[in-house]
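Containing compact mmCIF, C-alpha atoms and all ligand atoms: upload26.txt.
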```txt
# COMPACT_ATOMS: atom_id res chain seq x y z
CA MET A 1 0.00 0.00 0.00
CA SER A 2 1.22 3.50 -0.69
CA ALA A 3 1.23 5.94 2.21
CA LEU A 4 -2.02 7.84 2.58
CA PRO A 5 -2.23 10.41 5.41
CA PRO A 6 -3.49 8.71 8.59
CA THR A 7 -7.26 8.30 8.76
CA VAL A 8 -7.24 9.07 12.51
CA ALA A 9 -4.34 10.02 14.77
CA TRP A 10 -3.75 11.49 18.20
CA ILE A 11 -1.39 14.46 17.95
CA GLY A 12 0.72 15.45 20.94
CA GLY A 13 0.37 14.07 24.43
CA MET A 14 -1.84 15.63 27.03
CA PRO A 15 -3.22 18.04 26.09
CA GLY A 16 -3.36 16.89 22.50
CA ALA A 17 -5.81 16.79 19.62
CA LEU A 18 -7.46 14.35 17.27
CA GLU A 19 -6.35 14.69 13.69
CA ILE A 20 -8.42 13.17 10.89
CA LEU A 21 -8.16 13.04 7.13
CA ASP A 22 -11.25 14.92 5.88
CA GLN A 23 -12.96 12.27 3.74
CA THR A 24 -15.64 14.65 2.49
CA ARG A 25 -12.92 16.29 0.35
CA LEU A 26 -11.43 13.15 -1.20
CA PRO A 27 -10.32 12.43 -3.83
CA LEU A 28 -9.94 16.03 -5.00
CA GLU A 29 -8.30 17.44 -1.89
CA THR A 30 -6.15 15.81 0.79
CA ARG A 31 -6.83 17.88 3.89
CA THR A 32 -6.40 16.97 7.53
CA LEU A 33 -8.53 18.49 10.29
CA ARG A 34 -7.31 19.12 13.82
CA LEU A 35 -10.15 18.60 16.30
CA ASP A 36 -9.64 19.98 19.79
CA ARG A 37 -13.27 20.45 20.85
CA VAL A 38 -15.63 17.54 21.38
CA GLU A 39 -18.33 19.29 19.30
CA GLN A 40 -15.91 19.21 16.36
CA VAL A 41 -15.41 15.47 16.83
CA PHE A 42 -19.19 14.91 16.95
CA ASP A 43 -19.64 16.99 13.80
CA ALA A 44 -16.80 15.22 11.95
CA ILE A 45 -18.36 11.81 12.67
CA ARG A 46 -21.89 13.02 11.88
CA ARG A 47 -20.99 14.48 8.48
CA LEU A 48 -18.69 11.55 7.57
CA ALA A 49 -15.42 13.52 7.57
CA VAL A 50 -14.28 10.42 9.46
CA ARG A 51 -16.31 7.30 8.70
CA GLY A 52 -16.26 3.52 8.53
CA ALA A 53 -17.16 1.50 11.63
CA PRO A 54 -13.69 0.80 13.09
CA ALA A 55 -12.42 4.32 12.27
CA ILE A 56 -15.32 6.01 14.04
CA GLY A 57 -14.67 3.71 17.00
CA VAL A 58 -11.07 4.95 17.23
CA ALA A 59 -12.21 8.56 16.61
CA GLY A 60 -14.82 8.16 19.38
CA ALA A 61 -12.19 6.85 21.84
CA TYR A 62 -9.87 9.80 21.10
CA GLY A 63 -12.89 12.12 20.99
CA LEU A 64 -13.59 11.21 24.58
CA ILE A 65 -10.09 12.42 25.52
CA VAL A 66 -10.73 15.65 23.60
CA GLY A 67 -13.88 16.09 25.69
CA ILE A 68 -12.33 15.41 29.11
CA GLN A 69 -8.78 16.73 28.92
CA GLY A 70 -9.76 20.32 29.76
CA PHE A 71 -12.16 19.37 32.58
CA ARG A 72 -11.21 20.88 35.95
CA PRO A 73 -13.06 19.26 38.88
CA HIS A 74 -14.14 21.39 41.84
CA ALA A 75 -12.96 18.86 44.41
CA ALA A 76 -9.46 17.44 44.87
CA GLY A 77 -8.47 13.79 45.26
CA ALA A 78 -10.90 10.89 44.85
CA ALA A 79 -13.93 13.22 44.74
CA GLY A 80 -12.34 15.06 41.80
CA VAL A 81 -11.77 11.75 40.01
CA ALA A 82 -15.46 10.91 40.55
CA GLU A 83 -16.46 14.29 39.04
CA LEU A 84 -14.27 13.60 36.02
CA LEU A 85 -15.83 10.16 35.56
CA ALA A 86 -19.34 11.63 35.62
CA HIS A 87 -18.28 14.22 33.03
CA ALA A 88 -16.66 11.49 30.87
CA ALA A 89 -19.88 9.46 30.92
CA LYS A 90 -21.82 12.47 29.57
CA VAL A 91 -19.22 13.14 26.87
CA GLY A 92 -19.37 9.46 25.92
CA GLU A 93 -23.17 9.52 25.53
CA TYR A 94 -22.91 12.64 23.40
CA LEU A 95 -20.29 11.12 21.08
CA LYS A 96 -22.19 7.83 20.79
CA SER A 97 -25.27 9.73 19.60
CA SER A 98 -23.43 11.06 16.52
CA ARG A 99 -24.14 7.92 14.44
CA PRO A 100 -26.35 5.02 15.55
CA THR A 101 -25.58 2.00 13.36
CA ALA A 102 -21.88 1.15 13.73
CA VAL A 103 -21.54 -0.70 17.02
CA ASN A 104 -17.77 -0.01 17.08
CA LEU A 105 -18.38 3.63 18.10
CA GLY A 106 -20.26 2.71 21.28
CA TRP A 107 -17.95 -0.24 21.87
CA ALA A 108 -14.77 1.88 21.79
CA VAL A 109 -16.20 4.72 23.90
CA ASP A 110 -17.49 2.21 26.47
CA GLU A 111 -14.10 0.44 26.53
CA VAL A 112 -12.40 3.68 27.58
CA LEU A 113 -15.13 4.50 30.11
CA SER A 114 -15.05 1.06 31.73
CA HIS A 115 -11.23 1.19 31.87
CA LEU A 116 -11.56 4.49 33.77
CA LYS A 117 -14.21 3.07 36.08
CA ASN A 118 -12.05 0.05 36.93
CA LEU A 119 -9.01 2.22 37.64
CA ALA A 120 -10.88 4.93 39.57
CA PRO A 121 -10.44 3.42 43.08
CA LYS A 122 -6.64 3.58 42.59
CA LEU A 123 -6.55 7.16 41.26
CA THR A 124 -6.12 10.32 43.32
CA LYS A 125 -5.83 12.96 40.57
CA ALA A 126 -8.17 13.78 37.68
CA GLU A 127 -5.14 14.28 35.35
CA ASP A 128 -4.07 10.69 35.99
CA ALA A 129 -7.53 9.53 34.93
CA VAL A 130 -7.24 11.45 31.64
CA ALA A 131 -3.77 9.98 31.05
CA ALA A 132 -5.13 6.46 31.68
CA ALA A 133 -8.01 7.10 29.27
CA LEU A 134 -5.59 8.28 26.58
CA GLU A 135 -3.51 5.16 27.07
CA ARG A 136 -6.60 2.99 26.56
CA ALA A 137 -7.63 4.96 23.44
CA ARG A 138 -4.13 4.49 21.98
CA ALA A 139 -4.38 0.76 22.72
CA ILE A 140 -7.72 0.56 20.84
CA ASP A 141 -6.08 2.34 17.90
CA ALA A 142 -3.07 -0.05 17.87
CA ASP A 143 -5.33 -3.05 18.38
CA ASP A 144 -7.45 -2.12 15.36
CA ARG A 145 -4.32 -1.97 13.18
CA GLU A 146 -3.23 -5.38 14.34
CA ARG A 147 -6.68 -6.94 13.88
CA CYS A 148 -6.87 -5.60 10.32
CA GLU A 149 -3.61 -7.43 9.55
CA ARG A 150 -4.97 -10.70 10.92
CA ILE A 151 -8.28 -10.26 9.09
CA GLY A 152 -6.34 -9.63 5.88
CA ARG A 153 -4.35 -12.83 6.23
CA HIS A 154 -7.46 -14.96 6.82
CA GLY A 155 -9.30 -13.35 3.92
CA ALA A 156 -6.37 -13.58 1.51
CA SER A 157 -6.55 -17.37 1.79
CA LEU A 158 -9.83 -17.14 -0.17
CA LEU A 159 -8.17 -15.51 -3.19
CA ARG A 160 -6.04 -16.79 -6.04
CA ASP A 161 -3.63 -15.05 -8.37
CA GLY A 162 -5.59 -13.46 -11.22
CA ASP A 163 -8.93 -13.20 -9.38
CA THR A 164 -11.41 -10.42 -10.01
CA VAL A 165 -13.40 -9.31 -6.97
CA TYR A 166 -16.23 -6.87 -6.30
CA THR A 167 -16.69 -4.48 -3.37
CA HIS A 168 -19.23 -1.93 -2.16
CA CYS A 169 -18.71 1.28 -0.15
CA ASN A 170 -15.32 1.67 1.52
CA ALA A 171 -13.99 -0.82 4.03
CA GLY A 172 -10.35 0.04 3.57
CA ALA A 173 -7.58 2.01 5.25
CA LEU A 174 -9.90 5.03 5.18
CA ALA A 175 -12.44 3.15 7.29
CA THR A 176 -10.10 1.77 9.97
CA ALA A 177 -6.87 2.64 11.78
CA GLY A 178 -5.07 -0.06 9.78
CA ILE A 179 -5.20 -1.56 6.28
CA GLY A 180 -8.96 -2.02 6.34
CA THR A 181 -11.22 -5.05 6.43
CA ALA A 182 -12.66 -5.91 2.98
CA LEU A 183 -9.86 -3.99 1.26
CA GLY A 184 -7.39 -5.31 3.84
CA VAL A 185 -8.06 -8.75 2.36
CA MET A 186 -7.05 -7.38 -1.06
CA TYR A 187 -3.92 -5.66 0.28
CA ALA A 188 -2.88 -8.85 2.08
CA ALA A 189 -3.45 -10.93 -1.08
CA ALA A 190 -1.45 -8.40 -3.13
CA ARG A 191 1.41 -8.61 -0.61
CA GLU A 192 1.38 -12.38 -1.14
CA GLY A 193 2.00 -11.69 -4.83
CA LYS A 194 -1.56 -12.36 -6.02
CA ARG A 195 -2.59 -10.08 -8.87
CA LEU A 196 -6.17 -8.92 -8.44
CA ARG A 197 -8.61 -6.76 -10.29
CA VAL A 198 -11.35 -4.99 -8.34
CA PHE A 199 -14.76 -3.70 -9.34
CA ALA A 200 -15.78 -0.93 -6.91
CA ASP A 201 -19.31 0.33 -7.15
CA GLU A 202 -19.97 4.03 -6.67
CA THR A 203 -22.09 3.63 -3.52
CA ARG A 204 -24.75 6.27 -3.87
CA PRO A 205 -25.63 8.62 -2.33
CA LEU A 206 -22.27 9.65 -0.86
CA LEU A 207 -19.99 7.82 -3.31
CA GLN A 208 -17.66 6.11 -0.83
CA GLY A 209 -16.88 3.56 -3.56
CA SER A 210 -15.84 5.87 -6.37
CA ARG A 211 -14.35 8.61 -4.16
CA LEU A 212 -12.62 6.53 -1.47
CA THR A 213 -12.25 2.86 -2.45
CA ALA A 214 -11.06 3.71 -5.96
CA TYR A 215 -8.74 6.36 -4.49
CA GLU A 216 -7.00 4.05 -2.07
CA LEU A 217 -6.83 0.96 -4.31
CA HIS A 218 -5.46 3.07 -7.17
CA ALA A 219 -2.88 4.65 -4.82
CA ALA A 220 -1.88 1.12 -3.77
CA GLY A 221 -1.40 0.03 -7.37
CA ILE A 222 -4.32 -2.43 -7.41
CA PRO A 223 -6.26 -2.17 -10.70
CA VAL A 224 -9.73 -0.86 -9.91
CA THR A 225 -12.73 -0.26 -12.16
CA VAL A 226 -15.62 1.91 -10.99
CA VAL A 227 -19.19 0.95 -11.85
CA CYS A 228 -22.56 2.46 -10.91
CA ASP A 229 -24.44 0.57 -8.22
CA ASN A 230 -27.05 -0.60 -10.72
CA MET A 231 -24.40 -2.37 -12.84
CA ALA A 232 -23.65 -5.18 -10.37
CA SER A 233 -25.83 -7.72 -12.16
CA ARG A 234 -24.30 -6.87 -15.53
CA VAL A 235 -20.78 -7.14 -14.10
CA MET A 236 -21.55 -10.61 -12.73
CA GLN A 237 -23.18 -11.67 -16.00
CA THR A 238 -20.21 -10.62 -18.08
CA HIS A 239 -17.17 -11.21 -15.82
CA LYS A 240 -15.95 -14.09 -13.71
CA ILE A 241 -16.19 -12.58 -10.22
CA ALA A 242 -14.35 -14.75 -7.67
CA ALA A 243 -16.11 -13.19 -4.68
CA VAL A 244 -17.71 -10.07 -3.25
CA PHE A 245 -16.05 -8.60 -0.14
CA VAL A 246 -17.83 -5.98 1.97
CA GLY A 247 -17.40 -4.55 5.47
CA ALA A 248 -19.98 -4.36 8.24
CA ASP A 249 -21.22 -1.86 10.80
CA ARG A 250 -22.99 -4.24 13.17
CA ILE A 251 -23.38 -8.02 13.08
CA ALA A 252 -25.95 -9.93 15.13
CA ARG A 253 -25.17 -13.26 16.89
CA ASN A 254 -26.69 -15.26 14.00
CA GLY A 255 -24.53 -13.51 11.37
CA ASP A 256 -27.11 -11.04 9.99
CA ALA A 257 -24.95 -8.06 9.04
CA ALA A 258 -25.69 -4.34 8.64
CA ASN A 259 -23.55 -2.52 6.12
CA LYS A 260 -23.84 0.39 3.69
CA ILE A 261 -27.18 0.69 1.93
CA GLY A 262 -27.17 -1.51 -1.15
CA THR A 263 -25.22 -4.36 0.44
CA CYS A 264 -28.27 -6.60 0.80
CA GLY A 265 -29.28 -6.05 -2.84
CA LEU A 266 -25.74 -6.92 -3.90
CA ALA A 267 -25.85 -10.12 -1.84
CA ILE A 268 -29.13 -11.10 -3.55
CA ILE A 269 -27.54 -10.55 -6.97
CA ALA A 270 -24.40 -12.49 -5.96
CA LYS A 271 -26.55 -15.41 -4.79
CA HIS A 272 -28.36 -15.43 -8.15
CA TYR A 273 -25.05 -15.74 -10.03
CA GLY A 274 -23.45 -18.16 -7.54
CA VAL A 275 -20.77 -15.64 -6.54
CA PRO A 276 -19.48 -16.13 -2.95
CA PHE A 277 -20.36 -13.20 -0.72
CA TYR A 278 -18.05 -12.41 2.23
CA VAL A 279 -18.56 -9.94 5.06
CA VAL A 280 -15.24 -8.86 6.56
CA ALA A 281 -15.10 -7.30 10.03
CA PRO A 282 -13.31 -7.40 13.40
CA LEU A 283 -15.03 -9.15 16.31
CA SER A 284 -15.72 -5.67 17.79
CA THR A 285 -18.37 -5.29 15.06
CA PHE A 286 -20.49 -8.08 16.58
CA ASP A 287 -23.36 -7.02 18.81
CA PHE A 288 -23.86 -10.08 20.97
CA GLY A 289 -26.91 -8.48 22.55
CA LEU A 290 -28.81 -9.03 19.30
CA ALA A 291 -30.01 -12.52 18.35
CA ASP A 292 -30.65 -11.41 14.76
CA GLY A 293 -30.47 -8.34 12.54
CA SER A 294 -34.03 -7.13 13.13
CA GLY A 295 -32.93 -5.05 16.13
CA ILE A 296 -30.08 -3.21 14.39
CA PRO A 297 -30.74 0.56 14.42
CA ILE A 298 -30.56 1.95 10.89
CA GLU A 299 -29.45 5.55 10.49
CA GLU A 300 -31.61 7.72 8.25
CA ARG A 301 -29.87 10.72 6.76
CA ALA A 302 -30.97 13.98 5.17
CA ALA A 303 -33.11 13.75 2.01
CA GLU A 304 -30.78 16.23 0.27
CA GLU A 305 -28.08 13.56 0.07
CA VAL A 306 -30.39 11.81 -2.42
CA THR A 307 -32.16 14.72 -4.10
CA GLU A 308 -28.94 16.68 -4.71
CA ILE A 309 -25.59 15.80 -6.23
CA ALA A 310 -22.67 18.01 -5.12
CA GLY A 311 -25.17 20.60 -3.92
CA VAL A 312 -27.13 20.70 -7.20
CA ARG A 313 -30.81 19.69 -7.02
CA MET A 314 -31.52 16.63 -9.20
CA ALA A 315 -35.12 15.85 -8.15
CA PRO A 316 -38.02 18.22 -8.80
CA PRO A 317 -38.51 20.79 -6.02
CA GLY A 318 -41.05 19.55 -3.47
CA VAL A 319 -40.26 15.84 -4.03
CA GLY A 320 -38.94 14.10 -0.92
CA ALA A 321 -36.54 11.16 -0.55
CA PHE A 322 -36.02 8.12 1.68
CA ASN A 323 -32.39 7.86 2.74
CA PRO A 324 -31.50 4.88 4.97
CA ALA A 325 -27.70 4.80 5.29
CA PHE A 326 -27.50 1.04 5.89
CA ASP A 327 -29.36 -2.20 5.29
CA VAL A 328 -29.21 -5.65 6.86
CA THR A 329 -28.06 -8.66 4.86
CA PRO A 330 -29.49 -11.91 6.25
CA ALA A 331 -26.91 -14.53 7.22
CA SER A 332 -28.50 -16.90 4.68
CA LEU A 333 -27.06 -14.73 1.86
CA ILE A 334 -23.55 -14.60 3.37
CA THR A 335 -20.99 -17.25 2.39
CA GLY A 336 -18.73 -16.42 5.31
CA ILE A 337 -17.78 -13.75 7.83
CA VAL A 338 -14.03 -13.11 7.82
CA THR A 339 -12.66 -11.95 11.18
CA GLU A 340 -9.28 -11.75 12.92
CA ALA A 341 -10.08 -15.10 14.57
CA GLY A 342 -10.89 -16.92 11.34
CA ILE A 343 -13.87 -17.34 9.03
CA ALA A 344 -17.39 -18.25 10.15
CA SER A 345 -18.62 -20.13 7.10
CA PRO A 346 -21.52 -20.37 6.80
CA PRO A 347 -22.36 -17.85 9.51
CA THR A 348 -24.59 -19.42 12.16
CA PRO A 349 -24.92 -18.78 15.91
CA GLN A 350 -22.61 -21.80 16.40
CA THR A 351 -19.86 -20.85 13.90
CA VAL A 352 -19.92 -17.27 15.23
CA GLU A 353 -19.61 -18.50 18.83
CA ASN A 354 -16.68 -20.73 17.88
CA LEU A 355 -14.87 -17.71 16.46
CA VAL A 356 -15.46 -15.65 19.57
CA ARG A 357 -13.95 -18.43 21.71
CA ARG A 358 -10.85 -18.35 19.47
CA GLY A 359 -10.74 -14.51 19.27
O1 LIG A 401 -21.56 5.63 6.17
P1 LIG A 401 -20.18 5.04 6.19
O2 LIG A 401 -19.32 5.51 5.08
O3 LIG A 401 -19.53 5.20 7.55
O4 LIG A 401 -20.43 3.48 5.97
C1 LIG A 401 -19.31 2.64 6.00
C2 LIG A 401 -19.63 1.22 5.74
O5 LIG A 401 -20.76 0.83 5.55
C3 LIG A 401 -18.48 0.26 5.81
O6 LIG A 401 -18.64 -0.79 4.91
C4 LIG A 401 -18.40 -0.30 7.23
O7 LIG A 401 -18.40 0.72 8.17
C5 LIG A 401 -17.20 -1.15 7.43
S1 LIG A 401 -15.70 -0.23 7.41
C6 LIG A 401 -14.43 -1.30 7.70
```
Show me, as structure tokens, the structure contained in the file I just sent.
Ligand code: MRU
Amino acid sequence: MSALPPTVAWIGGMPGALEILDQTRLPLETRTLRLDRVEQVFDAIRRLAVRGAPAIGVAGAYGLIVGIQGFRPHAAGAAGVAELLAHAAKVGEYLKSSRPTAVNLGWAVDEVLSHLKNLAPKLTKAEDAVAAALERARAIDADDRERCERIGRHGASLLRDGDTVYTHCNAGALATAGIGTALGVMYAAAREGKRLRVFADETRPLLQGSRLTAYELHAAGIPVTVVCDNMASRVMQTHKIAAVFVGADRIARNGDAANKIGTCGLAIIAKHYGVPFYVVAPLSTFDFGLADGSGIPIEERAAEEVTEIAGVRMAPPGVGAFNPAFDVTPASLITGIVTEAGIASPPTPQTVENLVRRG
């Protein structure tokens, strides 16, 4: 992979700031944003300046530090630590409300909060609590990188030299702290010397496929062809597609998986043509509180994302739009779920549980 600017990074120590690559500008402009107020972090997640389930998890963990590092408790000692913890819990709730579907955001914020809670009895200064929270956020960041590598190695075993694959949205380096999940599989296969060709669909309405996936695969030297979302069937009719690889935002215990809107339709098309369909995600994307995908909250976004393109109205004035950002692909349409602990294939409550035991 060629070096893109980091998707998310903590700059400095304490105090420090969260730096993100502004994905709303790509591919035309490579601009990083320095976020030193929690409202800026919320806004960056909300408007997809930073996006992709694992990346918003890491951004949320660092965002929590942004939100607590300037807090000055009234009391000293243990009482001050308790005040800081109460403030951190509020900041965490605020950040988690920025986007509802990706479970990684809540997971990462809660990881930092529960680390703080566990340490609290041993802490006597609020600053030490912030330092401990930063350490945990950095660990989540490093852990995500490492898990992407392991996911990549498992997924690469599914590919052969010369394969053509298909992907939707962006589940690459721009969506994680590491090499990505679905695209991580392609980078890992390329490192093993396998020559691949990738079809990336545009991913309307916000074009994560053509703007981001094509950008990073092209930068990495992997041949990529962009198609409109409605060309998937034609691509599978006319080309030998070895497999479809997509990411996920939340996966239920039975393997039902929420991902970018259009994923379920793509899985239905892949099933029709007998093309294997893989969901690629770290174990932190599983929501073990959900038996199936029916309880996954689906974000609905502004109608203008559909009725306008680059700020220009495309639908007649007065006509509304339905804009769900994600859909749920039933496990029955998924060939396997590729994780850092191996592949659940086919995904069932039992194969998923086996992976978790190994993870
Ligand atoms: O709305 P987005 O761009 O955040 O949606 C991203 C996706 O749906 C990704 O496929 C998913 O988060 C997995 S990223 C490794």
Proximity to ligand LIG 401 (chain A) - best of A:Gly184, A:Gly13, A:Gly67, A:Gly318, all atoms listed in the file: A:Gly184
Would you compute the box with edges along x, y and z of the file around ligand LIG 401 (chain A), including every atom the file lists for it and 4 Å extra on each side, and give its centre and edge lengths in Å to one decimal, as AutoDock Vina command-line options?
```
--center_x -18.0 --center_y 2.2 --center_z 6.5 --size_x 15.1 --size_y 14.9 --size_z 11.3
```
7 Å shell around ligand LIG 401 (chain A) using only C-alpha atoms and all ligand atoms, listed as a list in words: Leu48, Arg51, Gly52, Ala53, Pro54, Ala102, Cys169, Asn170, Ala171, Gly172, Ala175, Thr176, Gly180, Thr181, Ala182, Gln208, Val246, Gly247, Ala248, Asp249, Asn259, Lys260, Ala281, Ala325 and Phe326 of chain A
Å distance separating atom CA of Thr213 of chain A from atom CA of Lys271 of chain A, one decimal place: 23.3 Å
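Put simply, atom CA of Val165 of chain A is 6.4 Å away from atom CA of Arg197 of chain A.
Nearest residue to Gly295 of chain A, choosing from A:Ala133, A:Ala270, A:Met314, A:Ala258 and counting only C-alpha atoms: A:Ala258.
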Mind dumping segment 139-148 of chain A from that block, keeping all heavy atoms, as an mmCIF file, in the first residue's frame?
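Saved as out05.cif:
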```
data_model
loop_
_atom_site.group_PDB
_atom_site.id
_atom_site.type_symbol
_atom_site.label_atom_id
_atom_site.label_comp_id
_atom_site.auth_asym_id
_atom_site.auth_seq_id
_atom_site.Cartn_x
_atom_site.Cartn_y
_atom_site.Cartn_z
ATOM 1 N N ALA A 139 -4.408 2.232 22.826
ATOM 2 C CA ALA A 139 -4.384 0.765 22.718
ATOM 3 C C ALA A 139 -5.467 0.288 21.739
ATOM 4 O O ALA A 139 -5.250 -0.646 20.952
ATOM 5 C CB ALA A 139 -4.563 0.128 24.094
ATOM 6 N N ILE A 140 -6.632 0.932 21.765
ATOM 7 C CA ILE A 140 -7.723 0.561 20.843
ATOM 8 C C ILE A 140 -7.272 0.827 19.400
ATOM 9 O O ILE A 140 -7.502 0.025 18.494
ATOM 10 C CB ILE A 140 -9.012 1.341 21.196
ATOM 11 C CG1 ILE A 140 -9.592 0.812 22.517
ATOM 12 C CG2 ILE A 140 -10.042 1.267 20.072
ATOM 13 C CD1 ILE A 140 -10.733 1.644 23.083
ATOM 14 N N ASP A 141 -6.612 1.954 19.210
ATOM 15 C CA ASP A 141 -6.075 2.340 17.900
ATOM 16 C C ASP A 141 -5.075 1.264 17.404
ATOM 17 O O ASP A 141 -5.221 0.698 16.304
ATOM 18 C CB ASP A 141 -5.403 3.712 18.084
ATOM 19 C CG ASP A 141 -4.832 4.314 16.821
ATOM 20 O OD1 ASP A 141 -4.783 3.619 15.796
ATOM 21 O OD2 ASP A 141 -4.429 5.498 16.863
ATOM 22 N N ALA A 142 -4.101 0.929 18.249
ATOM 23 C CA ALA A 142 -3.075 -0.052 17.869
ATOM 24 C C ALA A 142 -3.700 -1.429 17.637
ATOM 25 O O ALA A 142 -3.332 -2.157 16.703
ATOM 26 C CB ALA A 142 -2.015 -0.134 18.961
ATOM 27 N N ASP A 143 -4.659 -1.762 18.473
ATOM 28 C CA ASP A 143 -5.326 -3.053 18.377
ATOM 29 C C ASP A 143 -6.082 -3.181 17.042
ATOM 30 O O ASP A 143 -6.072 -4.233 16.402
ATOM 31 C CB ASP A 143 -6.302 -3.149 19.559
ATOM 32 C CG ASP A 143 -6.906 -4.518 19.684
ATOM 33 O OD1 ASP A 143 -6.137 -5.468 19.837
ATOM 34 O OD2 ASP A 143 -8.143 -4.634 19.608
ATOM 35 N N ASP A 144 -6.715 -2.088 16.630
ATOM 36 C CA ASP A 144 -7.448 -2.122 15.364
ATOM 37 C C ASP A 144 -6.493 -2.390 14.197
ATOM 38 O O ASP A 144 -6.794 -3.189 13.297
ATOM 39 C CB ASP A 144 -8.217 -0.807 15.150
ATOM 40 C CG ASP A 144 -9.080 -0.868 13.892
ATOM 41 O OD1 ASP A 144 -9.873 -1.817 13.777
ATOM 42 O OD2 ASP A 144 -8.932 -0.002 13.015
ATOM 43 N N ARG A 145 -5.309 -1.728 14.234
ATOM 44 C CA ARG A 145 -4.319 -1.969 13.177
ATOM 45 C C ARG A 145 -3.961 -3.450 13.098
ATOM 46 O O ARG A 145 -3.907 -4.045 12.035
ATOM 47 C CB ARG A 145 -3.001 -1.239 13.497
ATOM 48 C CG ARG A 145 -3.006 0.193 13.192
ATOM 49 C CD ARG A 145 -1.816 0.867 13.879
ATOM 50 N NE ARG A 145 -2.260 2.149 14.349
ATOM 51 C CZ ARG A 145 -2.293 3.230 13.588
ATOM 52 N NH1 ARG A 145 -1.830 3.176 12.371
ATOM 53 N NH2 ARG A 145 -2.778 4.352 14.044
ATOM 54 N N GLU A 146 -3.703 -4.001 14.278
ATOM 55 C CA GLU A 146 -3.228 -5.383 14.343
ATOM 56 C C GLU A 146 -4.334 -6.355 13.891
ATOM 57 O O GLU A 146 -4.082 -7.311 13.151
ATOM 58 C CB GLU A 146 -2.777 -5.640 15.792
ATOM 59 C CG GLU A 146 -1.892 -6.837 15.998
ATOM 60 C CD GLU A 146 -2.717 -8.043 16.392
ATOM 61 O OE1 GLU A 146 -3.728 -7.880 17.127
ATOM 62 O OE2 GLU A 146 -2.360 -9.143 15.937
ATOM 63 N N ARG A 147 -5.561 -6.061 14.280
ATOM 64 C CA ARG A 147 -6.679 -6.945 13.883
ATOM 65 C C ARG A 147 -6.905 -6.895 12.377
ATOM 66 O O ARG A 147 -7.228 -7.900 11.754
ATOM 67 C CB ARG A 147 -7.949 -6.581 14.658
ATOM 68 C CG ARG A 147 -7.891 -7.101 16.079
ATOM 69 C CD ARG A 147 -9.051 -6.660 16.938
ATOM 70 N NE ARG A 147 -8.715 -6.863 18.341
ATOM 71 C CZ ARG A 147 -9.027 -7.943 19.051
ATOM 72 N NH1 ARG A 147 -9.705 -8.925 18.507
ATOM 73 N NH2 ARG A 147 -8.663 -8.047 20.314
ATOM 74 N N CYS A 148 -6.729 -5.702 11.782
ATOM 75 C CA CYS A 148 -6.872 -5.596 10.321
ATOM 76 C C CYS A 148 -5.864 -6.518 9.631
ATOM 77 O O CYS A 148 -6.193 -7.169 8.629
ATOM 78 C CB CYS A 148 -6.622 -4.156 9.853
ATOM 79 S SG CYS A 148 -7.973 -3.025 10.196
#
```
